[in-house]
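Take a look at the structure set out below.
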Amino acid sequence: MADKKNSPVNVNRRTALKTLAAGAGGVAASGLLPGLGGYSQVHSAEPIKIGFQVHRTGIGAAYGRWYDRTTQACVEKINAAGGINGRMIEIVAEDDGTDPKRGAEVVEKFASQHNCDVSFGTLFSHVVYGSAPRAGELKMPYFVVSEGHHVASGALNRYTLQPGITDVKSQVEAMAPFISENLGKKVTMIFPDFAFGHDHRDYFSAAFEARGGTILEKIAIPPTETSFTKYFPKIPRDTEVIYHVMVGPAVLTFVKEMGEFFGPSKPEIFGFIDSLEAVDIASPGLEFLDGTYFWEGNPRYAQEEQSEFDTAYREAVGVDENGASVSDAKDVSTYAHMFGCWETLHIIKRGMEAADYKGPADRTKLIEAVEAMSDMPHSFEHPQGAKLFNGKTHQTFGHQYISKVTDGKLVLAHTTSIEDTLYEDEVDYTAQSF
Amino acid sequence: MEFGPHFFLASLEGAVNAAVLALMAVGLSIVFGIMRVVNVAHGEFFMLGAVIAWWISSLVGGHPAIGFVLALLAAPLIVGAIAVAADHFVLRRINYDPERTIVATIGLLYVIQQTTLMTFGPEARPVEAPFNTRLALPWFEKTADGFSMYWPWGLSTTSYKLAVIAAAVVILIALWLFMTRTKIGLIMRATQLDREMALTHGIPVDRVYAMVFGLGAGIAALAAVLIVPIQQAHYLMGGDPLLLSFIVVIIGGLGSIPGTIIAALLIGMSDGIISVFFSPTVAKIIATLLVAFVLIFRPQGLLGKRIA
């Protein structure tokens, strides 16, 4: 082929390579280096920069997309109403790839490259675990929207707070009474085999056994698994209730194969909506779920007694009454989790106003101001419901919702009180020095 | 569940895995066998097949079977065409140099994956199966008066899963006939045996390479269309099958189609069965160990021919 070097083919080759290079450059600019755009924006008043750690890629990408939409909608609302202390919010979004190592690097970039005031975002617990120590070292307030019990367990540090979403421990402890009183006493648990799933395994089984129930079997499934039928034979025959929670891109397959496994003789089924977050409940193969129950962080379908706050929030983010995007009915939101971004941003705003936040030198004053918060009433800022924030453990507590699948929709069946979700403090972060 | 039915169910699941893996690995194997190209982007062609199947089936209304059949025909052709283009614009330009093709196909992997992420998005999207009936399966147990049949709880499969196994067998037989009974197959095998000699006999090796690369990618896409009603389309779905295909191809012998199929059965079935009775991690450990042993004791693979 060497003899072709000077032939016209060579010109084609160059052009082709150039086209390809331009394409690859385009990919790099838009996908891999999302932060660069930030430099070109010039504001007359110095904005408050919030570093937004977001799962744009990796197994958390569906969550990331909706966390992003909620965050953008919320910032638009806050800025339209005058911003924080008269300053506009500027979101600096960086992809963490749903990867703990990348997560820590992103926090580092927020501090040293983008000069952010605070950092915020992210769902998957292993990313929070990976990033929080770096945030602590950099003395960068890190507001997470993750649900993991790691904040309240005391494993993290004074700079890491979770004021806008409840944690798994309080969620599952609040589910135990409902399951034992309404569904059955013998439970088999199916959960993803990493920190988040282990929180479910440990805290639900403890709470359920304390109420006289039995956990017959605990089935751990790797979060990257794509085929599930092979795990189901481990379910004991005398199981009365299946407790399932699954994450990752294969969740729909998981639920479908569970239905195929049981066929007509299924036990009671109680799931965490994580198993079907961003998935349409009316998907083919999910008909068997009719009559089963789900925990929901926030009811996906607009309920009959929908609050005015939920209506306004739904409209601001662009979510229809079925929990899907208003522009694409197939684009189902992560409604049970993403409210946490909205509420957290409002808490950052209130904290900065209370601390009279001027710049990075006031970061510790901001954390103290948030630690001083407790009651957060059901409002436009807190559309999911009232919250009770514990400044010592840096964790918020709130109502949990249990919905029943009825005609392919989730209909609210039970709302727990905040008291049902409380547990004893395991840490006092306020006693730690900054 | 008792051991017998449990084992039976695990084997059925393993057989579905093995069927898809065999198709995928055969695609990788012929590309390597004939072109000596280690195609790292093979998993992305698989993923593209699934994504295109979703796209076609969501464009076409009516009964799910219509969209599915269209996808079954069109997705391998579209993916094959993309692969032919990649061969023409990338691989041929670097003279199929073994090291540089690895780097080039890694680049291709990222280009395809990121383009899919930017257009198709991060969600896993389902394709409805053309038919999907749950089939409860019987099992036998020994009682005082001989064997009797009963229906164990949960022992079931679906008509679609059985159809996937059957389809894979048919496709593999067709491919084998194509390679051994047609003139194009003969030309491909001639190119595989000796590229220079084929050139001297007037075989347009460039065109054969483009066709082989397209064929390999098309088979991967076909495997993806078959599995997508079970697993859903997702932009990261190419990773695991690629790894397993490499394992299968190394064990089976690079370039040997029968060896690849035997290894796919071995790895697919054992992956299903071992992950049920032990854990998925143990299954991966055993598969990787097997590769190490094959490389030490039989470097050419089970049915591969030693290259002089």
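If you're wondering about the labels, chains in the structure tokens are A, B, ... by order shown, residues count from 1 in each chain, ligands from 1 in order shown.
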**Selection: 12 Å around B:Phe277, only C-alpha atoms, excl. self and same-chain fewer than 3 positions, as a VMD selection string** = (chain A and resid 230 to 234) or (chain B and resid 1 to 3 6 to 7 9 to 11 270 to 274 280 to 283)
With N, CA and C atoms kept, could you save the residues just selected as a PDB file, in the first residue's frame?
ATOM      1  N   LYS A 230     -31.148 -15.981  37.501  1.00  0.00           N
ATOM      2  CA  LYS A 230     -30.342 -16.956  38.234  1.00  0.00           C
ATOM      3  C   LYS A 230     -30.276 -16.691  39.738  1.00  0.00           C
ATOM      4  N   TYR A 231     -30.606 -15.478  40.172  1.00  0.00           N
ATOM      5  CA  TYR A 231     -30.557 -15.192  41.610  1.00  0.00           C
ATOM      6  C   TYR A 231     -31.848 -15.592  42.327  1.00  0.00           C
ATOM      7  N   PHE A 232     -32.956 -15.628  41.587  1.00  0.00           N
ATOM      8  CA  PHE A 232     -34.254 -15.781  42.243  1.00  0.00           C
ATOM      9  C   PHE A 232     -34.502 -17.142  42.895  1.00  0.00           C
ATOM     10  N   PRO A 233     -33.878 -18.230  42.392  1.00  0.00           N
ATOM     11  CA  PRO A 233     -34.107 -19.497  43.084  1.00  0.00           C
ATOM     12  C   PRO A 233     -33.667 -19.495  44.545  1.00  0.00           C
ATOM     13  N   LYS A 234     -32.862 -18.511  44.945  1.00  0.00           N
ATOM     14  CA  LYS A 234     -32.443 -18.450  46.348  1.00  0.00           C
ATOM     15  C   LYS A 234     -33.576 -17.962  47.252  1.00  0.00           C
TER      16      LYS A 234
ATOM     17  N   MET B   1     -35.207 -23.289  46.613  1.00  0.00           N
ATOM     18  CA  MET B   1     -35.417 -24.231  45.512  1.00  0.00           C
ATOM     19  C   MET B   1     -34.463 -25.412  45.654  1.00  0.00           C
ATOM     20  N   GLU B   2     -34.953 -26.606  45.297  1.00  0.00           N
ATOM     21  CA  GLU B   2     -34.081 -27.784  45.415  1.00  0.00           C
ATOM     22  C   GLU B   2     -32.991 -27.754  44.360  1.00  0.00           C
ATOM     23  N   PHE B   3     -32.022 -28.653  44.542  1.00  0.00           N
ATOM     24  CA  PHE B   3     -30.854 -28.601  43.680  1.00  0.00           C
ATOM     25  C   PHE B   3     -31.198 -28.839  42.205  1.00  0.00           C
ATOM     26  N   HIS B   6     -33.138 -26.038  40.465  1.00  0.00           N
ATOM     27  CA  HIS B   6     -32.269 -24.864  40.545  1.00  0.00           C
ATOM     28  C   HIS B   6     -31.176 -24.949  39.464  1.00  0.00           C
ATOM     29  N   PHE B   7     -30.584 -26.126  39.363  1.00  0.00           N
ATOM     30  CA  PHE B   7     -29.517 -26.343  38.384  1.00  0.00           C
ATOM     31  C   PHE B   7     -30.062 -26.203  36.957  1.00  0.00           C
ATOM     32  N   LEU B   9     -32.643 -24.452  35.980  1.00  0.00           N
ATOM     33  CA  LEU B   9     -32.921 -23.046  35.701  1.00  0.00           C
ATOM     34  C   LEU B   9     -31.627 -22.290  35.385  1.00  0.00           C
ATOM     35  N   ALA B  10     -30.583 -22.583  36.188  1.00  0.00           N
ATOM     36  CA  ALA B  10     -29.296 -21.922  35.966  1.00  0.00           C
ATOM     37  C   ALA B  10     -28.748 -22.283  34.585  1.00  0.00           C
ATOM     38  N   SER B  11     -28.942 -23.543  34.184  1.00  0.00           N
ATOM     39  CA  SER B  11     -28.435 -23.963  32.876  1.00  0.00           C
ATOM     40  C   SER B  11     -29.182 -23.257  31.747  1.00  0.00           C
ATOM     41  N   SER B 270     -20.915 -21.878  32.245  1.00  0.00           N
ATOM     42  CA  SER B 270     -20.306 -21.904  33.577  1.00  0.00           C
ATOM     43  C   SER B 270     -20.532 -20.572  34.277  1.00  0.00           C
ATOM     44  N   ASP B 271     -20.555 -19.473  33.518  1.00  0.00           N
ATOM     45  CA  ASP B 271     -20.829 -18.181  34.128  1.00  0.00           C
ATOM     46  C   ASP B 271     -22.211 -18.193  34.764  1.00  0.00           C
ATOM     47  N   GLY B 272     -23.195 -18.737  34.021  1.00  0.00           N
ATOM     48  CA  GLY B 272     -24.544 -18.829  34.568  1.00  0.00           C
ATOM     49  C   GLY B 272     -24.590 -19.712  35.806  1.00  0.00           C
ATOM     50  N   ILE B 273     -23.996 -20.898  35.703  1.00  0.00           N
ATOM     51  CA  ILE B 273     -24.136 -21.881  36.775  1.00  0.00           C
ATOM     52  C   ILE B 273     -23.299 -21.497  37.999  1.00  0.00           C
ATOM     53  N   ILE B 274     -22.055 -21.100  37.764  1.00  0.00           N
ATOM     54  CA  ILE B 274     -21.203 -20.756  38.910  1.00  0.00           C
ATOM     55  C   ILE B 274     -21.742 -19.535  39.633  1.00  0.00           C
ATOM     56  N   PRO B 280     -21.016 -14.307  41.254  1.00  0.00           N
ATOM     57  CA  PRO B 280     -20.598 -13.865  39.922  1.00  0.00           C
ATOM     58  C   PRO B 280     -19.100 -13.568  39.880  1.00  0.00           C
ATOM     59  N   THR B 281     -18.553 -13.111  41.006  1.00  0.00           N
ATOM     60  CA  THR B 281     -17.122 -12.806  41.033  1.00  0.00           C
ATOM     61  C   THR B 281     -16.312 -14.086  40.856  1.00  0.00           C
ATOM     62  N   VAL B 282     -16.738 -15.152  41.546  1.00  0.00           N
ATOM     63  CA  VAL B 282     -16.031 -16.427  41.404  1.00  0.00           C
ATOM     64  C   VAL B 282     -16.070 -16.881  39.943  1.00  0.00           C
ATOM     65  N   ALA B 283     -17.225 -16.681  39.292  1.00  0.00           N
ATOM     66  CA  ALA B 283     -17.343 -17.085  37.883  1.00  0.00           C
ATOM     67  C   ALA B 283     -16.331 -16.350  37.021  1.00  0.00           C
TER      68      ALA B 283
END
**Item:** Residue list for chain A near chain B as a ChimeraX atom specification, 6 Å, only C-alpha atoms
**Value:** /A:61-62,230,233,249,253,261-262
Contacts of stretch 319-336 of chain A within 8 Å, only C-alpha atoms, excl. fewer than 4 positions in-chain, as a CSV table (one decimal) with C-alpha atoms, in the first residue's frame:
chain,number,residue,atom,x,y,z
A,62,ALA,CA,-30.1,9.0,34.4
A,63,TYR,CA,-30.1,10.5,37.9
A,66,TRP,CA,-32.6,15.0,36.3
A,273,ILE,CA,-38.7,3.0,43.8
A,277,GLU,CA,-36.5,5.2,39.0
A,278,ALA,CA,-36.4,6.8,35.5
A,279,VAL,CA,-38.5,3.8,34.2
A,280,ASP,CA,-42.1,3.9,33.2
A,296,GLU,CA,-41.2,6.8,47.2
A,297,GLY,CA,-39.1,9.7,48.4
A,298,ASN,CA,-41.6,12.0,46.6
A,299,PRO,CA,-44.7,10.7,44.8
A,300,ARG,CA,-43.9,10.5,41.1
A,301,TYR,CA,-47.5,10.8,39.9
A,302,ALA,CA,-49.4,14.0,40.8
A,314,ARG,CA,-43.3,20.2,39.0
A,315,GLU,CA,-44.0,23.1,36.6
DSSP on the backbone: what in stretch 173-343 of chain A comes out strand (DSSP E), as a CSV table (one decimal) with C-alpha atoms, in the first residue's frame?
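This went into result-v9.csv:
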chain,number,residue,atom,x,y,z
A,186,LYS,CA,-41.3,-13.4,56.7
A,187,VAL,CA,-39.3,-11.3,54.3
A,188,THR,CA,-36.6,-12.0,51.7
A,189,MET,CA,-34.5,-9.0,50.8
A,190,ILE,CA,-32.9,-8.4,47.4
A,191,PHE,CA,-30.4,-5.5,47.3
A,192,PRO,CA,-27.4,-4.2,45.3
A,214,THR,CA,-38.0,-12.7,60.3
A,215,ILE,CA,-35.6,-12.1,57.4
A,216,LEU,CA,-35.5,-15.5,55.6
A,217,GLU,CA,-32.8,-14.6,53.1
A,218,LYS,CA,-30.6,-11.7,52.0
A,219,ILE,CA,-29.8,-11.8,48.3
A,220,ALA,CA,-27.0,-9.4,47.2
A,221,ILE,CA,-26.7,-8.7,43.5
A,241,VAL,CA,-42.9,-10.6,51.3
A,242,ILE,CA,-40.2,-9.7,48.8
A,243,TYR,CA,-38.3,-6.5,49.7
A,244,HIS,CA,-36.4,-5.3,46.7
A,268,GLU,CA,-46.4,-9.7,48.5
A,269,ILE,CA,-43.9,-7.4,46.9
A,270,PHE,CA,-42.5,-4.2,48.5
A,271,GLY,CA,-39.9,-2.3,46.6
A,272,PHE,CA,-37.9,0.9,46.8
A,293,TYR,CA,-46.2,-1.4,47.1
A,294,PHE,CA,-43.3,1.1,46.6
A,295,TRP,CA,-41.4,3.4,48.9
A,296,GLU,CA,-41.2,6.8,47.2
A,324,ALA,CA,-42.2,12.4,32.9
A,325,SER,CA,-40.6,15.3,31.1
A,328,ASP,CA,-41.1,13.8,26.2
A,329,ALA,CA,-43.5,11.5,27.9
A,330,LYS,CA,-41.0,8.6,27.6
A,331,ASP,CA,-38.3,10.6,29.6
A,332,VAL,CA,-39.3,9.6,33.1
**Asked** DSSP says alpha helix (DSSP H) for which residues of stretch 137-366 of chain A? Put them as a PyMOL selection string?
**Response** chain A and resi 137+150-153+168-182+195-210+251-262+308-317+335-354+363-366
**Prompt:** Could you work out how far atom CA of A:Glu257 lies from atom CA of B:Ser159, giving the answer in Å with one decimal?
**Reply:** 13.2 Å
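Neighbouring residues of B:Gln113 at 12 Å or closer, counting only C-alpha atoms and skipping chain neighbours under 6 positions away, are Ala24, Val27, Gly31, Thr57 and Gly58 of chain A; Ala41, His42, Gly43, Glu44, Phe45, Phe46, Met47, Leu48, Val51, Thr105, Ile106, Gly107, Thr119, Phe120, Gly121, Pro122, His234, Tyr235, Leu236, Met237, Gly238 and Gly239 of chain B.
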Store the residues picked out above, limited to N, CA and C atoms, as a short mmCIF file (atom, residue, chain, number, x, y, z; two decimals), in the first residue's frame.
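Saved as again_19.cif:
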data_model
loop_
_atom_site.label_atom_id
_atom_site.label_comp_id
_atom_site.auth_asym_id
_atom_site.auth_seq_id
_atom_site.Cartn_x
_atom_site.Cartn_y
_atom_site.Cartn_z
N ALA A 24 -13.96 14.32 16.82
CA ALA A 24 -13.45 13.93 18.13
C ALA A 24 -13.26 15.16 19.00
N VAL A 27 -16.52 16.15 20.34
CA VAL A 27 -16.90 15.26 21.44
C VAL A 27 -16.20 15.71 22.71
N GLY A 31 -18.44 17.04 25.63
CA GLY A 31 -18.71 15.98 26.58
C GLY A 31 -17.70 15.90 27.70
N THR A 57 -22.20 10.86 33.24
CA THR A 57 -21.92 9.58 32.59
C THR A 57 -21.81 8.51 33.66
N GLY A 58 -21.62 7.26 33.23
CA GLY A 58 -21.53 6.16 34.18
C GLY A 58 -22.91 5.66 34.58
N ALA B 41 -13.30 -2.15 19.58
CA ALA B 41 -14.60 -1.48 19.45
C ALA B 41 -15.75 -2.46 19.21
N HIS B 42 -15.45 -3.78 19.24
CA HIS B 42 -16.48 -4.77 18.94
C HIS B 42 -17.70 -4.63 19.86
N GLY B 43 -17.46 -4.39 21.14
CA GLY B 43 -18.56 -4.23 22.10
C GLY B 43 -19.44 -3.04 21.75
N GLU B 44 -18.85 -2.02 21.15
CA GLU B 44 -19.64 -0.84 20.79
C GLU B 44 -20.52 -1.12 19.58
N PHE B 45 -20.06 -2.00 18.69
CA PHE B 45 -20.94 -2.39 17.57
C PHE B 45 -22.14 -3.16 18.11
N PHE B 46 -21.89 -3.99 19.13
CA PHE B 46 -22.96 -4.71 19.81
C PHE B 46 -23.96 -3.70 20.39
N MET B 47 -23.41 -2.71 21.11
CA MET B 47 -24.26 -1.70 21.73
C MET B 47 -25.05 -0.93 20.66
N LEU B 48 -24.39 -0.57 19.55
CA LEU B 48 -25.08 0.15 18.48
C LEU B 48 -26.26 -0.66 17.95
N VAL B 51 -29.08 -0.21 20.33
CA VAL B 51 -29.63 1.14 20.29
C VAL B 51 -30.46 1.35 19.01
N THR B 105 -8.91 1.29 17.27
CA THR B 105 -10.23 0.77 17.66
C THR B 105 -10.60 1.22 19.07
N ILE B 106 -9.60 1.47 19.92
CA ILE B 106 -9.93 2.07 21.23
C ILE B 106 -10.53 3.45 21.00
N GLY B 107 -9.93 4.20 20.08
CA GLY B 107 -10.48 5.52 19.75
C GLY B 107 -11.90 5.41 19.23
N THR B 119 -26.45 11.47 21.88
CA THR B 119 -27.67 11.46 21.07
C THR B 119 -28.77 10.63 21.72
N PHE B 120 -28.43 9.40 22.07
CA PHE B 120 -29.41 8.45 22.60
C PHE B 120 -29.67 8.72 24.09
N GLY B 121 -28.65 9.22 24.79
CA GLY B 121 -28.81 9.56 26.19
C GLY B 121 -28.36 8.46 27.13
N PRO B 122 -28.37 8.75 28.42
CA PRO B 122 -27.82 7.81 29.40
C PRO B 122 -28.79 6.72 29.87
N HIS B 234 -28.45 0.27 26.31
CA HIS B 234 -27.79 1.23 27.20
C HIS B 234 -26.41 1.52 26.62
N TYR B 235 -25.95 2.75 26.78
CA TYR B 235 -24.71 3.11 26.08
C TYR B 235 -23.47 2.42 26.63
N LEU B 236 -23.56 1.84 27.83
CA LEU B 236 -22.38 1.16 28.40
C LEU B 236 -22.47 -0.35 28.28
N MET B 237 -23.49 -0.86 27.54
CA MET B 237 -23.73 -2.31 27.57
C MET B 237 -22.66 -3.11 26.82
N GLY B 238 -21.78 -2.45 26.07
CA GLY B 238 -20.79 -3.18 25.28
C GLY B 238 -19.60 -3.70 26.07
N GLY B 239 -19.39 -3.18 27.25
CA GLY B 239 -18.17 -3.50 28.00
C GLY B 239 -18.02 -4.96 28.40
#
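The interatomic distance for the pair atom CA of A:Tyr423 and atom CA of A:Glu173 works out to 8.7 Å.
Here atom CA of A:Gln306 is placed at a distance of 19.0 Å from atom CA of A:Thr70.
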**Request:** For B:Val84, please output as a ChimeraX atom specification all residues within 9 Å (counting only C-alpha atoms; exclusion window: fewer than 2 positions along the same chain).
**Result:** /B:79-82,86-89,209-215,217
